[in-house]
>>> print(open('query.pdb').read())   # PDB, C-alpha atoms
MODEL        1
ATOM      1  CA  MET A 295       4.151   1.683   4.949
ATOM      2  CA  LEU A 296       6.634   3.279   7.269
ATOM      3  CA  ASN A 297       9.419   3.101   4.728
ATOM      4  CA  ARG A 298      12.656   4.498   6.094
ATOM      5  CA  SER A 299      14.313   4.767   2.668
ATOM      6  CA  PRO A 300      13.011   6.337   0.413
ATOM      7  CA  GLN A 301      -4.445   1.050 -20.710
ATOM      8  CA  ILE A 302      -6.812   1.263 -23.061
ATOM      9  CA  GLY A 303      -9.185   4.190 -23.036
ATOM     10  CA  LEU A 304     -12.045   2.317 -21.419
ATOM     11  CA  LEU A 305     -14.566   4.691 -19.900
ATOM     12  CA  VAL A 306     -15.920   3.743 -16.546
ATOM     13  CA  LEU A 307     -18.040   5.780 -14.219
ATOM     14  CA  LEU A 308     -17.204   4.286 -10.867
ATOM     15  CA  SER A 309     -19.967   5.351  -8.520
ATOM     16  CA  SER A 310     -19.009   2.505  -6.192
ATOM     17  CA  SER A 311     -16.153   0.079  -5.773
ATOM     18  CA  LEU A 312     -16.775  -3.055  -7.780
ATOM     19  CA  PHE A 313     -17.067  -6.418  -6.055
ATOM     20  CA  ALA A 314     -17.305  -4.786  -2.636
ATOM     21  CA  CYS A 315     -18.354  -7.267   0.014
ATOM     22  CA  GLY A 316     -20.219  -6.781   3.251
ATOM     23  CA  GLY A 317     -18.844  -5.760   6.567
ATOM     24  CA  GLY A 318     -19.678  -2.255   7.595
ATOM     25  CA  GLY A 319     -17.484  -0.094   9.717
ATOM     26  CA  VAL A 320     -17.115   3.201  11.443
ATOM     27  CA  SER A 321     -14.597   5.976  11.278
ATOM     28  CA  PRO A 322     -13.742   6.955  14.858
ATOM     29  CA  GLN A 323     -11.909  10.187  14.073
ATOM     30  CA  SER A 324     -13.259  13.190  15.908
ATOM     31  CA  GLU A 325     -13.532  15.262  12.728
ATOM     32  CA  GLN A 326     -15.744  14.300   9.805
ATOM     33  CA  PRO A 327     -13.911  13.739   6.515
ATOM     34  CA  SER A 328     -14.630  16.318   3.842
ATOM     35  CA  GLN A 329     -16.497  15.125   0.767
ATOM     36  CA  PRO A 330     -14.740  15.244  -2.628
ATOM     37  CA  GLU A 331     -16.382  16.755  -5.662
ATOM     38  CA  ALA A 332     -18.128  14.352  -8.053
ATOM     39  CA  ILE A 333     -15.656  13.007 -10.603
ATOM     40  CA  THR A 334     -16.063  10.944 -13.769
ATOM     41  CA  TRP A 335     -13.271   8.380 -13.960
ATOM     42  CA  GLN A 336     -11.498   6.681 -16.855
ATOM     43  CA  LEU A 337      -9.528   3.480 -16.318
ATOM     44  CA  SER A 338      -5.812   4.138 -16.852
ATOM     45  CA  TRP A 339      -4.175   0.935 -15.501
ATOM     46  CA  SER A 340      -5.318  -2.335 -13.986
ATOM     47  CA  ASP A 341      -4.359  -5.898 -13.192
ATOM     48  CA  GLU A 342      -7.155  -8.455 -12.775
ATOM     49  CA  PHE A 343      -4.646 -11.305 -12.185
ATOM     50  CA  SER A 344      -6.584 -13.521 -14.593
ATOM     51  CA  GLY A 345      -3.629 -15.184 -16.274
ATOM     52  CA  SER A 346      -1.464 -18.092 -15.236
ATOM     53  CA  GLN A 347       1.622 -15.998 -14.459
ATOM     54  CA  LEU A 348       2.293 -12.568 -13.032
ATOM     55  CA  ASP A 349       2.569  -9.941 -15.774
ATOM     56  CA  LEU A 350       6.168  -8.735 -15.591
ATOM     57  CA  ASN A 351       5.310  -5.882 -17.945
ATOM     58  CA  LYS A 352       3.372  -4.464 -14.993
ATOM     59  CA  TRP A 353       5.336  -5.595 -11.950
ATOM     60  CA  ALA A 354       8.895  -5.575 -10.642
ATOM     61  CA  PHE A 355      10.219  -6.841  -7.301
ATOM     62  CA  ASP A 356      12.068  -5.526  -4.316
ATOM     63  CA  MET A 357      14.468  -8.189  -3.105
ATOM     64  CA  GLY A 358      16.250  -9.072   0.109
ATOM     65  CA  ASN A 359      15.976  -7.530   3.557
ATOM     66  CA  GLY A 360      17.048  -3.959   2.889
ATOM     67  CA  PHE A 361      18.486  -1.352   0.568
ATOM     68  CA  MET A 362      21.563   0.720  -0.082
ATOM     69  CA  LEU A 363      21.597   4.338   1.072
ATOM     70  CA  ASN A 364      24.705   6.502   0.605
ATOM     71  CA  ASP A 365      26.894   3.385   0.242
ATOM     72  CA  GLN A 366      25.473   1.927   3.471
ATOM     73  CA  TYR A 367      23.236  -1.130   3.631
ATOM     74  CA  ILE A 368      20.075  -0.496   5.651
ATOM     75  CA  SER A 369      18.715  -3.832   6.850
ATOM     76  CA  GLY A 370      15.128  -4.537   7.804
ATOM     77  CA  TRP A 371      13.895  -1.962   5.250
ATOM     78  CA  GLY A 372      14.515   0.671   7.912
ATOM     79  CA  ASN A 373      11.771  -0.824  10.099
ATOM     80  CA  ASN A 374      13.546  -3.832  11.674
ATOM     81  CA  GLU A 375      11.539  -6.182   9.452
ATOM     82  CA  LEU A 376      12.475  -9.857   9.631
ATOM     83  CA  GLN A 377      11.692 -11.152   6.132
ATOM     84  CA  ALA A 378      13.739 -11.498   2.983
ATOM     85  CA  TYR A 379      11.709 -10.541  -0.085
ATOM     86  CA  THR A 380      11.948 -12.912  -3.053
ATOM     87  CA  ASN A 381      10.388 -13.438  -6.466
ATOM     88  CA  ASN A 382       9.974 -17.166  -5.820
ATOM     89  CA  ALA A 383       6.699 -18.876  -6.696
ATOM     90  CA  ALA A 384       6.421 -19.964  -3.069
ATOM     91  CA  ASN A 385       6.116 -16.294  -2.109
ATOM     92  CA  VAL A 386       4.303 -14.724  -5.054
ATOM     93  CA  ARG A 387       2.042 -16.346  -7.634
ATOM     94  CA  LEU A 388      -1.352 -16.286  -9.326
ATOM     95  CA  ASN A 389      -3.724 -18.934  -8.002
ATOM     96  CA  GLY A 390      -5.580 -19.618 -11.261
ATOM     97  CA  ASN A 391      -8.798 -18.172  -9.856
ATOM     98  CA  GLY A 392      -8.007 -14.590 -10.730
ATOM     99  CA  GLN A 393      -6.097 -13.655  -7.611
ATOM    100  CA  LEU A 394      -2.563 -12.671  -6.713
ATOM    101  CA  ILE A 395      -1.135 -14.494  -3.697
ATOM    102  CA  ILE A 396       1.644 -12.922  -1.636
ATOM    103  CA  GLN A 397       2.744 -15.494   0.922
ATOM    104  CA  ALA A 398       5.000 -15.180   3.946
ATOM    105  CA  LEU A 399       6.765 -18.351   5.040
ATOM    106  CA  VAL A 400       9.036 -19.552   7.808
ATOM    107  CA  GLU A 401      12.469 -20.410   6.440
ATOM    108  CA  GLY A 402      15.444 -22.125   7.999
ATOM    109  CA  SER A 403      18.509 -19.895   8.034
ATOM    110  CA  SER A 404      20.383 -20.382   4.786
ATOM    111  CA  ASP A 405      22.429 -18.436   2.288
ATOM    112  CA  GLN A 406      19.388 -18.440  -0.034
ATOM    113  CA  TYR A 407      17.595 -16.019   2.264
ATOM    114  CA  GLY A 408      20.604 -14.253   3.719
ATOM    115  CA  ASN A 409      20.123 -15.980   7.058
ATOM    116  CA  TYR A 410      16.683 -14.431   7.539
ATOM    117  CA  ASN A 411      14.090 -16.782   8.988
ATOM    118  CA  TYR A 412      11.110 -15.530   6.989
ATOM    119  CA  SER A 413      10.449 -14.993   3.297
ATOM    120  CA  SER A 414       7.754 -12.957   1.571
ATOM    121  CA  ALA A 415       7.283 -10.703  -1.488
ATOM    122  CA  ARG A 416       7.055  -7.018  -2.323
ATOM    123  CA  LEU A 417       5.762  -6.044  -5.781
ATOM    124  CA  LYS A 418       6.006  -2.601  -7.335
ATOM    125  CA  THR A 419       5.188  -0.795 -10.566
ATOM    126  CA  GLN A 420       8.262   1.439 -10.302
ATOM    127  CA  GLY A 421       9.581   2.240 -13.779
ATOM    128  CA  LEU A 422       6.543   0.574 -15.360
ATOM    129  CA  PHE A 423       3.568   2.649 -14.239
ATOM    130  CA  ALA A 424       3.148   5.799 -12.174
ATOM    131  CA  GLN A 425       0.454   8.456 -12.044
ATOM    132  CA  ALA A 426      -0.286  11.722 -10.287
ATOM    133  CA  TYR A 427      -3.847  11.978  -8.970
ATOM    134  CA  GLY A 428      -6.609   9.479  -9.629
ATOM    135  CA  ARG A 429      -8.544   6.646  -8.062
ATOM    136  CA  PHE A 430      -6.380   3.779  -6.769
ATOM    137  CA  GLU A 431      -8.243   0.741  -5.464
ATOM    138  CA  ALA A 432      -7.725  -2.942  -4.730
ATOM    139  CA  ARG A 433      -9.886  -5.762  -3.412
ATOM    140  CA  ILE A 434      -7.821  -7.609  -0.822
ATOM    141  CA  LYS A 435      -8.072 -10.309   1.841
ATOM    142  CA  LEU A 436      -5.458 -10.041   4.608
ATOM    143  CA  PRO A 437      -3.861 -12.465   7.083
ATOM    144  CA  ILE A 438      -4.259 -12.289  10.855
ATOM    145  CA  GLY A 439      -1.578 -12.740  13.505
ATOM    146  CA  GLN A 440       0.847 -10.542  15.414
ATOM    147  CA  GLY A 441       3.861  -9.604  13.359
ATOM    148  CA  LEU A 442       2.071  -9.574   9.990
ATOM    149  CA  TRP A 443       2.141  -6.211   8.220
ATOM    150  CA  PRO A 444       0.362  -6.115   4.834
ATOM    151  CA  ALA A 445       0.212  -2.866   2.874
ATOM    152  CA  PHE A 446      -1.077  -1.279  -0.345
ATOM    153  CA  TRP A 447       0.744   2.019  -0.861
ATOM    154  CA  LEU A 448       2.307   4.564  -3.204
ATOM    155  CA  MET A 449       5.798   6.027  -3.493
ATOM    156  CA  PRO A 450       7.117   8.832  -5.748
ATOM    157  CA  GLN A 451       8.553   7.784  -9.086
ATOM    158  CA  ASP A 452      11.146  10.551  -8.747
ATOM    159  CA  ASN A 453      12.316  12.153  -5.530
ATOM    160  CA  VAL A 454      11.638  15.630  -6.858
ATOM    161  CA  TYR A 455      11.611  17.210  -3.395
ATOM    162  CA  GLY A 456      14.345  15.105  -1.798
ATOM    163  CA  SER A 457      14.707  11.702  -0.194
ATOM    164  CA  TRP A 458      12.114  10.135   2.127
ATOM    165  CA  ALA A 459       9.825  11.547   3.267
ATOM    166  CA  ALA A 460      10.303  14.946   1.610
ATOM    167  CA  SER A 461       8.913  13.606  -1.685
ATOM    168  CA  GLY A 462       5.991  11.951   0.089
ATOM    169  CA  GLU A 463       4.426   8.555   0.661
ATOM    170  CA  ILE A 464       0.721   7.618   0.467
ATOM    171  CA  ASP A 465      -0.443   4.556   2.394
ATOM    172  CA  ILE A 466      -3.795   3.503   0.948
ATOM    173  CA  MET A 467      -4.096   0.631   3.406
ATOM    174  CA  GLU A 468      -1.904  -0.767   6.165
ATOM    175  CA  ALA A 469      -2.996  -3.376   8.680
ATOM    176  CA  ARG A 470      -1.608  -4.882  11.844
ATOM    177  CA  GLY A 471      -2.153  -8.617  12.010
ATOM    178  CA  SER A 472      -2.616  -8.303  15.771
ATOM    179  CA  ASN A 473      -5.566  -5.922  15.298
ATOM    180  CA  PRO A 474      -7.748  -7.370  12.519
ATOM    181  CA  SER A 475     -10.631  -4.971  13.157
ATOM    182  CA  GLN A 476      -8.680  -1.909  11.986
ATOM    183  CA  VAL A 477      -6.905  -0.566   8.901
ATOM    184  CA  ASN A 478      -5.002   2.700   8.567
ATOM    185  CA  GLY A 479      -4.586   5.338   5.869
ATOM    186  CA  THR A 480      -1.552   7.607   6.152
ATOM    187  CA  ILE A 481       0.513  10.223   4.365
ATOM    188  CA  HIS A 482       4.201  10.871   5.086
ATOM    189  CA  TYR A 483       5.628  14.262   4.140
ATOM    190  CA  GLY A 484       7.594  17.253   5.424
ATOM    191  CA  ALA A 485      11.370  17.287   5.488
ATOM    192  CA  GLN A 486      13.791  14.456   4.860
ATOM    193  CA  TRP A 487      14.108  11.804   7.574
ATOM    194  CA  PRO A 488      14.497  12.200  10.509
ATOM    195  CA  ASN A 489      12.725  15.559  10.311
ATOM    196  CA  ASN A 490       9.667  14.188   8.519
ATOM    197  CA  THR A 491       6.122  13.958   9.817
ATOM    198  CA  TYR A 492       2.927  12.065   9.016
ATOM    199  CA  SER A 493      -0.878  12.240   9.283
ATOM    200  CA  GLU A 494      -2.855   9.052   9.903
ATOM    201  CA  ARG A 495      -6.507   8.040  10.136
ATOM    202  CA  HIS A 496      -8.021   4.621  10.846
ATOM    203  CA  TYR A 497     -11.140   2.645  10.010
ATOM    204  CA  LEU A 498     -12.786   0.155  12.364
ATOM    205  CA  PHE A 499     -14.805  -2.785  11.078
ATOM    206  CA  THR A 500     -17.967  -3.491  13.061
ATOM    207  CA  ASP A 501     -19.170  -6.850  11.704
ATOM    208  CA  SER A 502     -16.194  -8.044   9.663
ATOM    209  CA  ASP A 503     -12.402  -7.845   9.748
ATOM    210  CA  ILE A 504      -9.376  -7.834   7.484
ATOM    211  CA  SER A 505      -9.556 -11.606   6.926
ATOM    212  CA  GLU A 506     -12.478 -11.076   4.521
ATOM    213  CA  PHE A 507     -12.265  -9.415   1.124
ATOM    214  CA  HIS A 508     -12.679  -5.644   1.228
ATOM    215  CA  VAL A 509     -12.085  -2.872  -1.290
ATOM    216  CA  TYR A 510      -9.462  -0.370  -0.154
ATOM    217  CA  ARG A 511      -9.251   2.861  -2.114
ATOM    218  CA  ILE A 512      -8.161   6.462  -2.315
ATOM    219  CA  ASP A 513      -9.469   9.235  -4.528
ATOM    220  CA  TRP A 514      -6.495  11.570  -4.933
ATOM    221  CA  THR A 515      -7.229  15.004  -6.385
ATOM    222  CA  PRO A 516      -5.393  18.329  -6.505
ATOM    223  CA  GLN A 517      -7.593  19.378  -3.576
ATOM    224  CA  GLY A 518      -6.987  16.437  -1.261
ATOM    225  CA  ILE A 519      -6.742  12.681  -0.673
ATOM    226  CA  TYR A 520      -9.830  10.676   0.394
ATOM    227  CA  TRP A 521      -9.738   7.156   1.893
ATOM    228  CA  TYR A 522     -12.493   4.538   1.526
ATOM    229  CA  VAL A 523     -13.265   1.003   2.662
ATOM    230  CA  ASP A 524     -15.982  -0.755   0.658
ATOM    231  CA  ASP A 525     -17.029   2.579  -0.824
ATOM    232  CA  GLU A 526     -17.388   4.222   2.613
ATOM    233  CA  LEU A 527     -15.449   7.444   3.009
ATOM    234  CA  TYR A 528     -13.660   7.414   6.353
ATOM    235  CA  ALA A 529     -10.851   9.956   6.069
ATOM    236  CA  SER A 530      -9.633  12.947   4.107
ATOM    237  CA  GLN A 531      -6.409  14.953   4.134
ATOM    238  CA  SER A 532      -5.878  18.344   2.523
ATOM    239  CA  SER A 533      -3.039  19.865   4.505
ATOM    240  CA  TRP A 534       0.623  19.010   3.964
ATOM    241  CA  TYR A 535       3.933  20.505   2.832
ATOM    242  CA  THR A 536       7.490  19.541   2.028
ATOM    243  CA  GLN A 537      10.811  21.211   2.725
ATOM    244  CA  ASP A 538      10.286  24.843   1.684
ATOM    245  CA  GLN A 539       7.420  23.955  -0.678
ATOM    246  CA  ALA A 540       3.773  24.501   0.271
ATOM    247  CA  PHE A 541       0.652  22.489  -0.613
ATOM    248  CA  PRO A 542       0.137  20.654  -2.956
ATOM    249  CA  ALA A 543       3.786  19.545  -2.886
ATOM    250  CA  PRO A 544       4.867  16.775  -2.539
ATOM    251  CA  PHE A 545       1.606  15.109  -3.634
ATOM    252  CA  ASP A 546       1.610  16.683  -7.082
ATOM    253  CA  GLN A 547       3.974  14.188  -8.732
ATOM    254  CA  ASP A 548       3.732  10.711 -10.265
ATOM    255  CA  PHE A 549       3.609   7.888  -7.708
ATOM    256  CA  TYR A 550       3.949   4.137  -8.302
ATOM    257  CA  ILE A 551       2.167   1.222  -6.579
ATOM    258  CA  ILE A 552       3.579  -1.190  -3.994
ATOM    259  CA  MET A 553       1.940  -4.351  -2.614
ATOM    260  CA  ASN A 554       3.720  -6.292   0.122
ATOM    261  CA  LEU A 555       3.432  -8.467   3.191
ATOM    262  CA  ALA A 556       6.106  -7.740   5.796
ATOM    263  CA  VAL A 557       6.946  -9.857   8.839
ATOM    264  CA  GLY A 558       7.881  -8.283  12.142
ATOM    265  CA  GLY A 559       9.251  -4.815  12.594
ATOM    266  CA  ASN A 560       8.245  -1.605  14.252
ATOM    267  CA  TYR A 561       4.626  -1.479  13.117
ATOM    268  CA  ASP A 562       3.188  -4.632  14.702
ATOM    269  CA  GLY A 563       6.105  -6.164  16.568
ATOM    270  CA  ASN A 564       7.532  -9.599  15.879
ATOM    271  CA  PRO A 565       5.581 -12.847  15.539
ATOM    272  CA  GLN A 566       4.889 -14.588  18.834
ATOM    273  CA  SER A 567       4.245 -17.926  17.141
ATOM    274  CA  ASN A 568       5.069 -19.493  13.801
ATOM    275  CA  GLN A 569       1.631 -21.134  13.817
ATOM    276  CA  ILE A 570       0.339 -18.135  11.844
ATOM    277  CA  PHE A 571       2.409 -19.223   8.830
ATOM    278  CA  PRO A 572       2.037 -19.648   5.946
ATOM    279  CA  ALA A 573       0.324 -16.259   5.878
ATOM    280  CA  GLN A 574      -1.334 -15.067   2.686
ATOM    281  CA  MET A 575      -2.333 -11.712   1.305
ATOM    282  CA  GLU A 576      -4.869 -12.329  -1.500
ATOM    283  CA  VAL A 577      -5.420  -9.599  -4.090
ATOM    284  CA  ASP A 578      -8.429  -9.911  -6.389
ATOM    285  CA  TYR A 579      -7.663  -6.870  -8.535
ATOM    286  CA  ILE A 580      -5.952  -3.493  -8.603
ATOM    287  CA  ARG A 581      -7.444  -0.652 -10.676
ATOM    288  CA  VAL A 582      -6.296   2.882 -11.291
ATOM    289  CA  CYS A 583      -8.400   5.590 -12.921
ATOM    290  CA  GLU A 584      -7.780   9.158 -13.989
ATOM    291  CA  ALA A 585     -10.265  12.013 -13.833
ATOM    292  CA  LEU A 586     -12.080  13.136 -16.979
ATOM    293  CA  ASN A 587     -13.427  16.341 -15.443
TER     294      ASN A 587
ENDMDL
END
>>> encode(input="query.pdb", output="structure tokens")
Amino acid sequence: MLNRSPQIGLLVLLSSSLFACGGGGVSPQSEQPSQPEAITWQLSWSDEFSGSQLDLNKWAFDMGNGFMLNDQYISGWGNNELQAYTNNAANVRLNGNGQLIIQALVEGSSDQYGNYNYSSARLKTQGLFAQAYGRFEARIKLPIGQGLWPAFWLMPQDNVYGSWAASGEIDIMEARGSNPSQVNGTIHYGAQWPNNTYSERHYLFTDSDISEFHVYRIDWTPQGIYWYVDDELYASQSSWYTQDQAFPAPFDQDFYIIMNLAVGGNYDGNPQSNQIFPAQMEVDYIRVCEALN
């Protein structure tokens, strides 16, 4: 997510992503991703969304259309996004079938939404759960339509190396609603904005698209970060830096989880029609594991 700001000891050996559905794909990068070493994983955190209400011991919310930075309000989350994030049931809820629903809606301009014409939700585990290294995965179904920008990503719990993007950002999955056959995996690093940089890879579906459930995952180790769709490795990154610190900084710190559905902005442009609303991002589960070996 091009952000301009900044459990119980259950043993599981995850040789494949659970509940993965069909829909093969190809990785069109010119280089082949490197293979990670075999790892035995232990579940460290999860949300199966099986209750009737969102577990607020696991999730907090970002609200509004921006953030404060050095006493200045940065609107559009630094990306010219059009939505106001809320914690309203219309925008974020459990559907009773074991899934989290994040819904973007068209709103009439009103004080309730700060005169923004769209509402949506952005959930985060900041202050509640963060982890350095591990397997982070989610089974998600995404909406289609230009101007829709769903993402599953990680941000540093503490800006140890400085403000964005010096302390890093890991995008497990980002999608453009205008291009439903592709998802991206990205890291942001280097110096503080505007002197930051990023490395991105993408995955192309061949007989499916983002509107079906797929499992999006990274395996993050001290040696590198590896991206998967439905258990298929499509990208790896093992070269980065930050400020005057070499690898493995900044990706050697605790990061927290973010799930959101943005509307408009720099990534996919603005909606061309409101017929794509309501737009829903459906999340079946999110699981995080830590390495035992």
>>> resolve_selection(input="query.pdb", expression="the PyMOL selection byres ((chain A and resi 392) around 6)", output="ChimeraX atom specification")
/A:343-344,390-391,393
>>> closest_residue(input="query.pdb", among="A:Gln566, A:Gln517, A:Ser472, A:Asn374", to="Ser532 in chain A", atoms="all atoms listed in the file")
A:Gln517
>>> atom_distance(input="query.pdb", atom1="CA of Tyr412 in chain A", atom2="CA of Tyr579 in chain A")
25.9 Å
>>> closest_residue(input="query.pdb", among="A:Gly408, A:Pro544, A:Pro474, A:Pro488", to="Met449 in chain A", atoms="only C-alpha atoms")
A:Pro544
>>> closest_residue(input="query.pdb", among="A:Asp465, A:Asp538, A:Glu431, A:Glu584", to="Pro444 in chain A", atoms="only C-alpha atoms")
A:Asp465
>>> atom_distance(input="query.pdb", atom1="CA of Ser493 in chain A", atom2="CA of Ala459 in chain A")
12.3 Å
>>> resolve_selection(input="query.pdb", expression="the PyMOL selection byres ((chain A and resi 347-351) around 8)", output="list in words")
Phe343, Gly345, Ser346, Lys352, Trp353, Ala354, Arg387, Leu388, Leu394 and Leu422 of chain A
>>> write_last_selection(input="query.pdb", atoms="C-alpha atoms", output="PDB file, in the frame of the given file")
ATOM      1  CA  PHE A 343      -4.646 -11.305 -12.185  1.00  0.00           C
ATOM      2  CA  GLY A 345      -3.629 -15.184 -16.274  1.00  0.00           C
ATOM      3  CA  SER A 346      -1.464 -18.092 -15.236  1.00  0.00           C
ATOM      4  CA  LYS A 352       3.372  -4.464 -14.993  1.00  0.00           C
ATOM      5  CA  TRP A 353       5.336  -5.595 -11.950  1.00  0.00           C
ATOM      6  CA  ALA A 354       8.895  -5.575 -10.642  1.00  0.00           C
ATOM      7  CA  ARG A 387       2.042 -16.346  -7.634  1.00  0.00           C
ATOM      8  CA  LEU A 388      -1.352 -16.286  -9.326  1.00  0.00           C
ATOM      9  CA  LEU A 394      -2.563 -12.671  -6.713  1.00  0.00           C
ATOM     10  CA  LEU A 422       6.543   0.574 -15.360  1.00  0.00           C
TER      11      LEU A 422
END
>>> resolve_selection(input="query.pdb", expression="the PyMOL selection byres ((chain A and resi 551) around 7)", output="PyMOL selection string")
chain A and resi 418-419+447-449+549-550+552-553
>>> residues_near_point(input="query.pdb", point="(-9.1, -2.2, 10.8)", cutoff="8 Å", atoms="all atoms listed in the file", output="JSON list (two decimals) with C-alpha atoms, keeping the file's coordinate frame")
[["chain", "number", "residue", "atom", "x", "y", "z"],
["A", 469, "ALA", "CA", -3.00, -3.38, 8.68],
["A", 473, "ASN", "CA", -5.57, -5.92, 15.30],
["A", 474, "PRO", "CA", -7.75, -7.37, 12.52],
["A", 475, "SER", "CA", -10.63, -4.97, 13.16],
["A", 476, "GLN", "CA", -8.68, -1.91, 11.99],
["A", 477, "VAL", "CA", -6.90, -0.57, 8.90],
["A", 478, "ASN", "CA", -5.00, 2.70, 8.57],
["A", 496, "HIS", "CA", -8.02, 4.62, 10.85],
["A", 497, "TYR", "CA", -11.14, 2.64, 10.01],
["A", 498, "LEU", "CA", -12.79, 0.16, 12.36],
["A", 499, "PHE", "CA", -14.80, -2.78, 11.08],
["A", 503, "ASP", "CA", -12.40, -7.84, 9.75],
["A", 504, "ILE", "CA", -9.38, -7.83, 7.48]]
>>> atom_distance(input="query.pdb", atom1="CA of Tyr427 in chain A", atom2="CA of His508 in chain A")
22.2 Å
>>> residues_around(input="query.pdb", residues="Asn490 in chain A", least_positions_apart="4", cutoff="8 Å", atoms="all atoms listed in the file", output="PyMOL selection string")
chain A and resi 458-460+482-486
>>> closest_residue(input="query.pdb", among="A:Ser369, A:Ser413, A:Asn568, A:Gln336", to="Ala556 in chain A", atoms="all atoms listed in the file")
A:Ser413
>>> axis_aligned_box(input="query.pdb", around="range 549-560 of chain A", padding_each_side="5 Å", output="lines of an AutoDock Vina configuration file")
center_x = 5.6
center_y = -1.0
center_z = 3.0
size_x = 17.3
size_y = 27.7
size_z = 32.6
>>> closest_residue(input="query.pdb", among="A:Asn381, A:Leu586, A:Gly563, A:Phe446", to="Ala432 in chain A", atoms="all atoms listed in the file")
A:Phe446
>>> closest_residue(input="query.pdb", among="A:Ser457, A:Asn373, A:Ser505, A:Thr515", to="Thr536 in chain A", atoms="only C-alpha atoms")
A:Ser457
>>> residues_around(input="query.pdb", residues="range 434-438 of chain A", least_positions_apart="4", cutoff="6 Å", atoms="all atoms listed in the file", output="PyMOL selection string")
chain A and resi 471+504-508+573-577
>>> residues_around(input="query.pdb", residues="Arg581 in chain A", least_positions_apart="3", cutoff="12 Å", atoms="only C-alpha atoms", output="short mmCIF file (atom, residue, chain, number, x, y, z; two decimals) with C-alpha atoms, keeping the file's coordinate frame")
data_model
loop_
_atom_site.label_atom_id
_atom_site.label_comp_id
_atom_site.auth_asym_id
_atom_site.auth_seq_id
_atom_site.Cartn_x
_atom_site.Cartn_y
_atom_site.Cartn_z
CA GLN A 301 -4.44 1.05 -20.71
CA VAL A 306 -15.92 3.74 -16.55
CA LEU A 308 -17.20 4.29 -10.87
CA SER A 311 -16.15 0.08 -5.77
CA LEU A 312 -16.77 -3.06 -7.78
CA TRP A 335 -13.27 8.38 -13.96
CA GLN A 336 -11.50 6.68 -16.86
CA LEU A 337 -9.53 3.48 -16.32
CA SER A 338 -5.81 4.14 -16.85
CA TRP A 339 -4.18 0.94 -15.50
CA SER A 340 -5.32 -2.34 -13.99
CA ASP A 341 -4.36 -5.90 -13.19
CA GLU A 342 -7.16 -8.46 -12.78
CA PHE A 343 -4.65 -11.30 -12.18
CA GLY A 428 -6.61 9.48 -9.63
CA ARG A 429 -8.54 6.65 -8.06
CA PHE A 430 -6.38 3.78 -6.77
CA GLU A 431 -8.24 0.74 -5.46
CA ALA A 432 -7.72 -2.94 -4.73
CA ARG A 433 -9.89 -5.76 -3.41
CA VAL A 509 -12.08 -2.87 -1.29
CA TYR A 510 -9.46 -0.37 -0.15
CA ARG A 511 -9.25 2.86 -2.11
CA ILE A 512 -8.16 6.46 -2.32
CA ASP A 513 -9.47 9.24 -4.53
CA ILE A 551 2.17 1.22 -6.58
CA VAL A 577 -5.42 -9.60 -4.09
CA ASP A 578 -8.43 -9.91 -6.39
CA GLU A 584 -7.78 9.16 -13.99
#
